[in-house]
$ cat final-v7.cif   # mmCIF, N, CA and C atoms
data_run
loop_
_atom_site.label_atom_id
_atom_site.label_comp_id
_atom_site.auth_asym_id
_atom_site.auth_seq_id
_atom_site.Cartn_x
_atom_site.Cartn_y
_atom_site.Cartn_z
N MET A 13 -127.96 -2.71 -136.41
CA MET A 13 -128.23 -1.30 -136.38
C MET A 13 -128.22 -0.84 -134.91
N THR A 14 -127.38 0.13 -134.63
CA THR A 14 -127.25 0.65 -133.27
C THR A 14 -127.76 2.09 -133.24
N THR A 15 -128.56 2.39 -132.23
CA THR A 15 -129.10 3.74 -132.07
C THR A 15 -128.38 4.40 -130.89
N VAL A 16 -127.89 5.62 -131.12
CA VAL A 16 -127.12 6.34 -130.12
C VAL A 16 -127.80 7.68 -129.84
N LYS A 17 -127.87 8.05 -128.55
CA LYS A 17 -128.41 9.35 -128.16
C LYS A 17 -127.24 10.25 -127.82
N ILE A 18 -127.22 11.43 -128.43
CA ILE A 18 -126.17 12.41 -128.19
C ILE A 18 -126.56 13.21 -126.95
N LEU A 19 -125.62 13.36 -126.01
CA LEU A 19 -125.93 14.00 -124.73
C LEU A 19 -125.40 15.43 -124.62
N VAL A 20 -124.44 15.82 -125.45
CA VAL A 20 -123.90 17.19 -125.43
C VAL A 20 -123.82 17.73 -126.85
N ASP A 21 -123.70 19.02 -126.98
CA ASP A 21 -123.60 19.64 -128.30
C ASP A 21 -122.25 19.35 -128.95
N ALA A 22 -122.26 19.36 -130.26
CA ALA A 22 -121.05 19.29 -131.09
C ALA A 22 -120.29 17.98 -130.94
N VAL A 23 -121.01 16.86 -131.02
CA VAL A 23 -120.35 15.55 -131.12
C VAL A 23 -120.44 15.20 -132.59
N GLY A 24 -119.33 15.41 -133.28
CA GLY A 24 -119.36 15.27 -134.73
C GLY A 24 -120.28 16.34 -135.28
N GLU A 25 -121.25 15.92 -136.08
CA GLU A 25 -122.21 16.88 -136.65
C GLU A 25 -123.52 16.91 -135.86
N TYR A 26 -123.52 16.27 -134.70
CA TYR A 26 -124.75 16.14 -133.91
C TYR A 26 -124.74 17.08 -132.70
N ASN A 27 -125.93 17.33 -132.16
CA ASN A 27 -126.09 18.17 -130.98
C ASN A 27 -126.85 17.41 -129.90
N ALA A 28 -126.85 17.96 -128.70
CA ALA A 28 -127.51 17.32 -127.56
C ALA A 28 -128.96 17.00 -127.89
N GLY A 29 -129.37 15.79 -127.54
CA GLY A 29 -130.74 15.36 -127.77
C GLY A 29 -130.96 14.62 -129.08
N ASP A 30 -130.01 14.70 -130.00
CA ASP A 30 -130.17 13.99 -131.28
C ASP A 30 -130.15 12.48 -131.03
N ILE A 31 -131.03 11.78 -131.73
CA ILE A 31 -131.06 10.32 -131.70
C ILE A 31 -130.58 9.87 -133.07
N VAL A 32 -129.47 9.12 -133.08
CA VAL A 32 -128.87 8.70 -134.35
C VAL A 32 -129.11 7.21 -134.53
N LYS A 33 -129.96 6.89 -135.51
CA LYS A 33 -130.23 5.48 -135.83
C LYS A 33 -129.17 5.03 -136.81
N ASP A 34 -128.79 3.78 -136.71
CA ASP A 34 -127.74 3.21 -137.56
C ASP A 34 -126.49 4.09 -137.48
N ALA A 35 -126.04 4.34 -136.27
CA ALA A 35 -124.89 5.22 -136.01
C ALA A 35 -123.60 4.65 -136.60
N LEU A 36 -122.75 5.55 -137.02
CA LEU A 36 -121.45 5.15 -137.55
C LEU A 36 -120.60 4.53 -136.45
N ASP A 37 -119.64 3.71 -136.84
CA ASP A 37 -118.80 3.00 -135.87
C ASP A 37 -118.12 3.93 -134.88
N GLY A 38 -117.64 5.08 -135.34
CA GLY A 38 -116.95 6.01 -134.45
C GLY A 38 -117.86 6.52 -133.35
N LEU A 39 -119.10 6.82 -133.71
CA LEU A 39 -120.07 7.30 -132.74
C LEU A 39 -120.44 6.19 -131.75
N VAL A 40 -120.57 4.98 -132.25
CA VAL A 40 -120.87 3.83 -131.39
C VAL A 40 -119.72 3.61 -130.42
N GLU A 41 -118.48 3.74 -130.90
CA GLU A 41 -117.30 3.57 -130.03
C GLU A 41 -117.27 4.63 -128.93
N ILE A 42 -117.62 5.87 -129.27
CA ILE A 42 -117.67 6.95 -128.27
C ILE A 42 -118.66 6.57 -127.17
N ALA A 43 -119.81 6.05 -127.57
CA ALA A 43 -120.83 5.66 -126.59
C ALA A 43 -120.38 4.44 -125.79
N LYS A 44 -119.79 3.44 -126.46
CA LYS A 44 -119.35 2.22 -125.77
C LYS A 44 -118.25 2.54 -124.74
N LYS A 45 -117.31 3.38 -125.12
CA LYS A 45 -116.18 3.69 -124.25
C LYS A 45 -116.52 4.75 -123.21
N LYS A 46 -117.73 5.26 -123.29
CA LYS A 46 -118.20 6.28 -122.34
C LYS A 46 -117.24 7.47 -122.29
N VAL A 47 -116.94 7.99 -123.48
CA VAL A 47 -116.05 9.15 -123.60
C VAL A 47 -116.74 10.36 -123.01
N ARG A 48 -115.97 11.16 -122.28
CA ARG A 48 -116.52 12.34 -121.62
C ARG A 48 -115.88 13.61 -122.17
N ASN A 49 -116.59 14.71 -122.04
CA ASN A 49 -116.09 16.03 -122.42
C ASN A 49 -114.92 16.36 -121.49
N ALA A 50 -113.80 16.75 -122.04
CA ALA A 50 -112.60 17.01 -121.24
C ALA A 50 -112.80 18.17 -120.27
N ALA A 51 -113.55 19.17 -120.66
CA ALA A 51 -113.72 20.36 -119.81
C ALA A 51 -114.78 20.16 -118.74
N THR A 52 -115.92 19.56 -119.11
CA THR A 52 -117.03 19.47 -118.17
C THR A 52 -117.18 18.09 -117.54
N GLY A 53 -116.63 17.09 -118.16
CA GLY A 53 -116.76 15.73 -117.64
C GLY A 53 -118.07 15.07 -118.02
N GLU A 54 -118.89 15.73 -118.84
CA GLU A 54 -120.17 15.16 -119.25
C GLU A 54 -119.96 14.03 -120.24
N LEU A 55 -120.80 13.01 -120.15
CA LEU A 55 -120.80 11.90 -121.08
C LEU A 55 -121.25 12.43 -122.44
N LEU A 56 -120.56 12.05 -123.52
CA LEU A 56 -120.88 12.58 -124.85
C LEU A 56 -122.09 11.91 -125.47
N ALA A 57 -122.19 10.58 -125.32
CA ALA A 57 -123.27 9.85 -125.98
C ALA A 57 -123.53 8.55 -125.24
N GLU A 58 -124.74 8.01 -125.47
CA GLU A 58 -125.07 6.71 -124.87
C GLU A 58 -125.82 5.87 -125.89
N ILE A 59 -125.67 4.58 -125.75
CA ILE A 59 -126.36 3.67 -126.66
C ILE A 59 -127.78 3.48 -126.16
N VAL A 60 -128.75 3.67 -127.08
CA VAL A 60 -130.16 3.54 -126.72
C VAL A 60 -130.65 2.16 -127.12
N GLU A 61 -130.32 1.73 -128.33
CA GLU A 61 -130.75 0.44 -128.84
C GLU A 61 -129.55 -0.23 -129.48
N VAL A 62 -129.38 -1.52 -129.18
CA VAL A 62 -128.18 -2.22 -129.62
C VAL A 62 -128.52 -3.28 -130.65
N ASP A 63 -127.71 -3.31 -131.67
CA ASP A 63 -127.78 -4.37 -132.65
C ASP A 63 -127.03 -5.57 -132.08
N PRO A 64 -127.59 -6.76 -132.10
CA PRO A 64 -126.91 -7.92 -131.51
C PRO A 64 -125.53 -8.17 -132.13
N ILE A 65 -125.35 -7.83 -133.37
CA ILE A 65 -124.05 -8.04 -134.02
C ILE A 65 -123.00 -7.09 -133.46
N SER A 66 -123.40 -5.84 -133.11
CA SER A 66 -122.44 -4.86 -132.63
C SER A 66 -121.92 -5.18 -131.24
N THR A 67 -122.65 -5.98 -130.47
CA THR A 67 -122.18 -6.35 -129.14
C THR A 67 -121.42 -7.67 -129.16
N HIS A 68 -121.15 -8.14 -130.34
CA HIS A 68 -120.44 -9.40 -130.53
C HIS A 68 -119.12 -9.39 -129.78
N THR A 69 -118.95 -10.37 -128.92
CA THR A 69 -117.66 -10.52 -128.24
C THR A 69 -116.83 -11.49 -129.06
N PRO A 70 -115.55 -11.19 -129.22
CA PRO A 70 -114.71 -12.03 -130.07
C PRO A 70 -114.60 -13.46 -129.53
N SER A 71 -114.63 -14.41 -130.46
CA SER A 71 -114.49 -15.81 -130.07
C SER A 71 -113.03 -16.10 -129.71
N GLU A 72 -112.83 -17.27 -129.15
CA GLU A 72 -111.46 -17.68 -128.79
C GLU A 72 -110.58 -17.72 -130.03
N ARG A 73 -111.15 -18.20 -131.12
CA ARG A 73 -110.40 -18.29 -132.39
C ARG A 73 -110.03 -16.89 -132.88
N GLU A 74 -110.97 -15.94 -132.80
CA GLU A 74 -110.69 -14.57 -133.23
C GLU A 74 -109.60 -13.94 -132.38
N LEU A 75 -109.65 -14.18 -131.08
CA LEU A 75 -108.62 -13.65 -130.19
C LEU A 75 -107.26 -14.24 -130.52
N MET A 76 -107.23 -15.55 -130.80
CA MET A 76 -105.98 -16.21 -131.15
C MET A 76 -105.42 -15.64 -132.46
N LEU A 77 -106.30 -15.46 -133.45
CA LEU A 77 -105.87 -14.90 -134.73
C LEU A 77 -105.36 -13.47 -134.56
N GLN A 78 -106.02 -12.68 -133.72
CA GLN A 78 -105.57 -11.30 -133.47
C GLN A 78 -104.20 -11.30 -132.83
N GLU A 79 -103.98 -12.22 -131.88
CA GLU A 79 -102.69 -12.33 -131.22
C GLU A 79 -101.60 -12.71 -132.23
N GLU A 80 -101.92 -13.67 -133.11
CA GLU A 80 -100.96 -14.07 -134.14
C GLU A 80 -100.66 -12.90 -135.08
N LEU A 81 -101.68 -12.13 -135.42
CA LEU A 81 -101.50 -10.97 -136.28
C LEU A 81 -100.59 -9.94 -135.62
N ASP A 82 -100.82 -9.69 -134.34
CA ASP A 82 -99.98 -8.74 -133.61
C ASP A 82 -98.53 -9.20 -133.57
N GLU A 83 -98.31 -10.50 -133.32
CA GLU A 83 -96.95 -11.06 -133.30
C GLU A 83 -96.31 -10.92 -134.67
N SER A 84 -97.09 -11.19 -135.71
CA SER A 84 -96.58 -11.10 -137.07
C SER A 84 -96.16 -9.67 -137.41
N LYS A 85 -96.97 -8.69 -136.98
CA LYS A 85 -96.63 -7.29 -137.22
C LYS A 85 -95.35 -6.91 -136.47
N LYS A 86 -95.20 -7.44 -135.26
CA LYS A 86 -94.01 -7.16 -134.47
C LYS A 86 -92.77 -7.74 -135.16
N ARG A 87 -92.89 -8.98 -135.66
CA ARG A 87 -91.77 -9.61 -136.38
C ARG A 87 -91.44 -8.83 -137.64
N GLU A 88 -92.48 -8.37 -138.34
CA GLU A 88 -92.26 -7.59 -139.56
C GLU A 88 -91.47 -6.32 -139.25
N ALA A 89 -91.83 -5.64 -138.17
CA ALA A 89 -91.13 -4.41 -137.77
C ALA A 89 -89.67 -4.71 -137.45
N GLU A 90 -89.42 -5.81 -136.75
CA GLU A 90 -88.04 -6.20 -136.42
C GLU A 90 -87.25 -6.51 -137.69
N LEU A 91 -87.87 -7.23 -138.62
CA LEU A 91 -87.19 -7.58 -139.87
C LEU A 91 -86.90 -6.34 -140.71
N LEU A 92 -87.84 -5.41 -140.75
CA LEU A 92 -87.60 -4.16 -141.49
C LEU A 92 -86.45 -3.38 -140.88
N ALA A 93 -86.35 -3.38 -139.56
CA ALA A 93 -85.24 -2.70 -138.88
C ALA A 93 -83.92 -3.38 -139.23
N GLN A 94 -83.92 -4.71 -139.27
CA GLN A 94 -82.71 -5.44 -139.63
C GLN A 94 -82.30 -5.15 -141.08
N ILE A 95 -83.29 -5.08 -141.97
CA ILE A 95 -83.00 -4.78 -143.38
C ILE A 95 -82.37 -3.40 -143.50
N ASP A 96 -82.94 -2.42 -142.81
CA ASP A 96 -82.39 -1.06 -142.83
C ASP A 96 -80.95 -1.05 -142.33
N GLU A 97 -80.69 -1.81 -141.26
CA GLU A 97 -79.35 -1.87 -140.69
C GLU A 97 -78.37 -2.50 -141.68
N LEU A 98 -78.79 -3.58 -142.33
CA LEU A 98 -77.93 -4.25 -143.31
C LEU A 98 -77.65 -3.35 -144.51
N GLN A 99 -78.68 -2.65 -144.97
CA GLN A 99 -78.49 -1.74 -146.10
C GLN A 99 -77.54 -0.61 -145.72
N SER A 100 -77.63 -0.14 -144.51
CA SER A 100 -76.74 0.90 -144.02
C SER A 100 -75.30 0.38 -143.98
N ASP A 101 -75.14 -0.86 -143.49
CA ASP A 101 -73.80 -1.46 -143.44
C ASP A 101 -73.22 -1.61 -144.84
N ILE A 102 -74.04 -2.01 -145.80
CA ILE A 102 -73.57 -2.18 -147.18
C ILE A 102 -73.11 -0.83 -147.75
N GLN A 103 -73.91 0.22 -147.51
CA GLN A 103 -73.54 1.54 -148.01
C GLN A 103 -72.26 2.03 -147.37
N ASN A 104 -72.10 1.78 -146.07
CA ASN A 104 -70.88 2.18 -145.38
C ASN A 104 -69.69 1.41 -145.93
N SER A 105 -69.89 0.14 -146.24
CA SER A 105 -68.82 -0.70 -146.78
C SER A 105 -68.40 -0.17 -148.15
N ASP A 106 -69.38 0.21 -148.98
CA ASP A 106 -69.07 0.76 -150.29
C ASP A 106 -68.28 2.06 -150.15
N SER A 107 -68.66 2.90 -149.20
CA SER A 107 -67.95 4.16 -148.97
C SER A 107 -66.53 3.89 -148.51
N ASP A 108 -66.36 2.90 -147.63
CA ASP A 108 -65.02 2.53 -147.15
C ASP A 108 -64.15 2.06 -148.30
N ASP A 109 -64.71 1.24 -149.19
CA ASP A 109 -63.95 0.74 -150.34
C ASP A 109 -63.55 1.88 -151.25
N GLU A 110 -64.46 2.81 -151.49
CA GLU A 110 -64.16 3.95 -152.35
C GLU A 110 -63.08 4.82 -151.73
N LEU A 111 -63.16 5.03 -150.41
CA LEU A 111 -62.16 5.84 -149.71
C LEU A 111 -60.78 5.18 -149.81
N LYS A 112 -60.72 3.88 -149.61
CA LYS A 112 -59.44 3.15 -149.70
C LYS A 112 -58.85 3.28 -151.10
N GLU A 113 -59.70 3.15 -152.09
CA GLU A 113 -59.23 3.23 -153.48
C GLU A 113 -58.71 4.64 -153.79
N LEU A 114 -59.43 5.65 -153.34
CA LEU A 114 -58.99 7.03 -153.58
C LEU A 114 -57.69 7.33 -152.85
N LYS A 115 -57.54 6.82 -151.62
CA LYS A 115 -56.29 7.03 -150.89
C LYS A 115 -55.13 6.35 -151.58
N SER A 116 -55.38 5.18 -152.15
CA SER A 116 -54.33 4.47 -152.88
C SER A 116 -53.87 5.28 -154.10
N VAL A 117 -54.82 5.83 -154.81
CA VAL A 117 -54.49 6.66 -155.99
C VAL A 117 -53.73 7.91 -155.54
N ALA A 118 -54.21 8.54 -154.44
CA ALA A 118 -53.57 9.75 -153.94
C ALA A 118 -52.14 9.45 -153.49
N LYS A 119 -51.93 8.29 -152.92
CA LYS A 119 -50.59 7.90 -152.49
C LYS A 119 -49.66 7.78 -153.69
N GLU A 120 -50.15 7.14 -154.74
CA GLU A 120 -49.36 6.98 -155.96
C GLU A 120 -49.04 8.34 -156.58
N MET A 121 -49.98 9.27 -156.48
CA MET A 121 -49.78 10.60 -157.07
C MET A 121 -49.02 11.52 -156.11
N LYS A 122 -48.70 11.01 -154.92
CA LYS A 122 -47.94 11.75 -153.91
C LYS A 122 -48.61 13.07 -153.54
N ILE A 123 -49.91 12.96 -153.22
CA ILE A 123 -50.68 14.13 -152.80
C ILE A 123 -50.46 14.31 -151.30
N PRO A 124 -49.95 15.45 -150.87
CA PRO A 124 -49.69 15.65 -149.44
C PRO A 124 -50.99 15.71 -148.62
N GLY A 125 -50.98 15.06 -147.46
CA GLY A 125 -52.12 15.09 -146.55
C GLY A 125 -53.28 14.21 -146.95
N TYR A 126 -53.05 13.31 -147.91
CA TYR A 126 -54.16 12.48 -148.41
C TYR A 126 -54.75 11.58 -147.32
N THR A 127 -53.97 11.20 -146.31
CA THR A 127 -54.46 10.29 -145.28
C THR A 127 -55.55 10.91 -144.41
N LYS A 128 -55.59 12.23 -144.34
CA LYS A 128 -56.59 12.91 -143.50
C LYS A 128 -57.78 13.44 -144.30
N MET A 129 -57.78 13.22 -145.60
CA MET A 129 -58.85 13.74 -146.46
C MET A 129 -60.04 12.79 -146.53
N GLY A 130 -61.20 13.38 -146.78
CA GLY A 130 -62.42 12.60 -147.00
C GLY A 130 -62.56 12.30 -148.48
N ILE A 131 -63.61 11.61 -148.83
CA ILE A 131 -63.83 11.20 -150.22
C ILE A 131 -63.88 12.40 -151.17
N ASP A 132 -64.67 13.41 -150.84
CA ASP A 132 -64.81 14.57 -151.72
C ASP A 132 -63.49 15.31 -151.88
N GLU A 133 -62.76 15.48 -150.75
CA GLU A 133 -61.47 16.17 -150.80
C GLU A 133 -60.47 15.40 -151.65
N LEU A 134 -60.47 14.08 -151.51
CA LEU A 134 -59.56 13.25 -152.31
C LEU A 134 -59.89 13.36 -153.79
N LYS A 135 -61.17 13.34 -154.12
CA LYS A 135 -61.57 13.46 -155.53
C LYS A 135 -61.09 14.78 -156.12
N GLU A 136 -61.26 15.87 -155.34
CA GLU A 136 -60.83 17.18 -155.82
C GLU A 136 -59.31 17.24 -155.98
N ALA A 137 -58.58 16.69 -154.99
CA ALA A 137 -57.11 16.72 -155.05
C ALA A 137 -56.60 15.89 -156.22
N ILE A 138 -57.21 14.74 -156.44
CA ILE A 138 -56.78 13.87 -157.55
C ILE A 138 -57.08 14.54 -158.88
N ALA A 139 -58.27 15.16 -158.98
CA ALA A 139 -58.62 15.84 -160.21
C ALA A 139 -57.68 17.00 -160.48
N ALA A 140 -57.34 17.75 -159.42
CA ALA A 140 -56.42 18.89 -159.58
C ALA A 140 -55.04 18.40 -159.99
N THR A 141 -54.56 17.37 -159.33
CA THR A 141 -53.22 16.85 -159.64
C THR A 141 -53.22 16.17 -161.00
N GLY A 142 -54.29 15.47 -161.30
CA GLY A 142 -54.38 14.77 -162.58
C GLY A 142 -54.42 15.78 -163.72
N GLY A 143 -55.08 16.91 -163.52
CA GLY A 143 -55.15 17.94 -164.55
C GLY A 143 -53.80 18.56 -164.81
N ASP A 144 -53.03 18.81 -163.71
CA ASP A 144 -51.69 19.39 -163.85
C ASP A 144 -50.77 18.40 -164.50
N ALA A 145 -50.86 17.13 -164.10
CA ALA A 145 -49.95 16.11 -164.62
C ALA A 145 -50.25 15.88 -166.10
N GLY A 146 -51.53 15.90 -166.48
CA GLY A 146 -51.89 15.67 -167.88
C GLY A 146 -51.46 16.80 -168.77
N GLY A 147 -51.34 18.01 -168.24
CA GLY A 147 -50.95 19.17 -169.03
C GLY A 147 -49.46 19.26 -169.22
N GLU A 148 -48.69 18.53 -168.43
CA GLU A 148 -47.23 18.66 -168.52
C GLU A 148 -46.65 17.93 -169.66
#

$ encode --input "final-v7.cif" --output "structure tokens"
Amino acid sequence: MTTVKILVDAVGEYNAGDIVKDALDGLVEIAKKKVRNAATGELLAEIVEVDPISTHTPSERELMLQEELDESKKREAELLAQIDELQSDIQNSDSDDELKELKSVAKEMKIPGYTKMGIDELKEAIAATGGDAGGE
């Protein structure tokens, strides 16, 4: 249980002079980090009574585990970026295959300017030509 004294008004729901027993972690962090008011430079809060557990310094094992966790998160981010890149490549490959197939059909149907058309334009041209050819 940590007790914090509020030194200025409007720190969360507290005002100057308030003594907060069993303070929430955020309030304890404000006091530990000696956060100051941006405009006046006044200290927002100070710790009056400390719970021995709250001043716990991390053990060597905890620090090592935290470092491993950070490395793992970094690897995860890299792997997710690689997955996104691979999925993008696959989608582009599918689009390229579809474009090649549509150009091949357009060539067979002798559609003028098919080499400069995109997928949507090729689909429209093929549908238009296919409709005319089917009606003849």

$ select_by_dssp --input "final-v7.cif" --residues "range 21-145 of chain A" --states "strand (DSSP E or B)" --output "PyMOL selection string"
chain A and resi 23+26+31-32+48+55+57-61

$ closest_residue --input "final-v7.cif" --among "A:Gln103, A:Glu61, A:Ala139, A:Met76" --to "Ala43 in chain A" --atoms "only C-alpha atoms"
A:Glu61

$ select_by_dssp --input "final-v7.cif" --residues "range 23-71 of chain A" --states "helix (DSSP H, G or I)" --output "list in words"
Asp37, Gly38, Leu39, Val40, Glu41, Ile42, Ala43 and Lys44 of chain A

$ residues_near_point --input "final-v7.cif" --point "(-131.8, 14.4, -127.1)" --cutoff "6.5 Å" --atoms "only N, CA and C atoms" --output "PDB file with N, CA and C atoms, in the coordinates of the input"
ATOM      1  N   LYS A  17    -127.870   8.050-128.550  1.00  0.00           N
ATOM      2  CA  LYS A  17    -128.410   9.350-128.160  1.00  0.00           C
ATOM      3  C   LYS A  17    -127.240  10.250-127.820  1.00  0.00           C
ATOM      4  N   ILE A  18    -127.220  11.430-128.430  1.00  0.00           N
ATOM      5  CA  ILE A  18    -126.170  12.410-128.190  1.00  0.00           C
ATOM      6  C   ILE A  18    -126.560  13.210-126.950  1.00  0.00           C
ATOM      7  N   LEU A  19    -125.620  13.360-126.010  1.00  0.00           N
ATOM      8  CA  LEU A  19    -125.930  14.000-124.730  1.00  0.00           C
ATOM      9  C   LEU A  19    -125.400  15.430-124.620  1.00  0.00           C
ATOM     10  N   ASN A  27    -125.930  17.330-132.160  1.00  0.00           N
ATOM     11  CA  ASN A  27    -126.090  18.170-130.980  1.00  0.00           C
ATOM     12  C   ASN A  27    -126.850  17.410-129.900  1.00  0.00           C
ATOM     13  N   ALA A  28    -126.850  17.960-128.700  1.00  0.00           N
ATOM     14  CA  ALA A  28    -127.510  17.320-127.560  1.00  0.00           C
ATOM     15  C   ALA A  28    -128.960  17.000-127.890  1.00  0.00           C
ATOM     16  N   GLY A  29    -129.370  15.790-127.540  1.00  0.00           N
ATOM     17  CA  GLY A  29    -130.740  15.360-127.770  1.00  0.00           C
ATOM     18  C   GLY A  29    -130.960  14.620-129.080  1.00  0.00           C
ATOM     19  N   ASP A  30    -130.010  14.700-130.000  1.00  0.00           N
ATOM     20  CA  ASP A  30    -130.170  13.990-131.280  1.00  0.00           C
ATOM     21  C   ASP A  30    -130.150  12.480-131.030  1.00  0.00           C
ATOM     22  N   ILE A  31    -131.030  11.780-131.730  1.00  0.00           N
ATOM     23  CA  ILE A  31    -131.060  10.320-131.700  1.00  0.00           C
ATOM     24  C   ILE A  31    -130.580   9.870-133.070  1.00  0.00           C
TER      25      ILE A  31
END

$ residues_around --input "final-v7.cif" --residues "Ile42 in chain A" --least-positions-apart "5" --cutoff "9 Å" --atoms "only C-alpha atoms" --output "list in words"
Asp37, Val47, Arg48, Leu56, Ala57 and Glu58 of chain A

$ residues_around --input "final-v7.cif" --residues "Tyr126 in chain A" --least-positions-apart "6" --cutoff "8 Å" --atoms "only N, CA and C atoms" --output "JSON, numbers by chain"
{"A": [114, 115, 118, 119, 133, 134]}

$ closest_residue --input "final-v7.cif" --among "A:Leu98, A:Leu55, A:Glu83, A:Thr141" --to "Val20 in chain A" --atoms "all atoms listed in the file"
A:Leu55

$ atom_distance --input "final-v7.cif" --atom1 "CA of Asp34 in chain A" --atom2 "CA of Asp21 in chain A"
19.3 Å

$ atom_distance --input "final-v7.cif" --atom1 "atom N of Val16 in chain A" --atom2 "CA of Asn49 in chain A"
18.0 Å
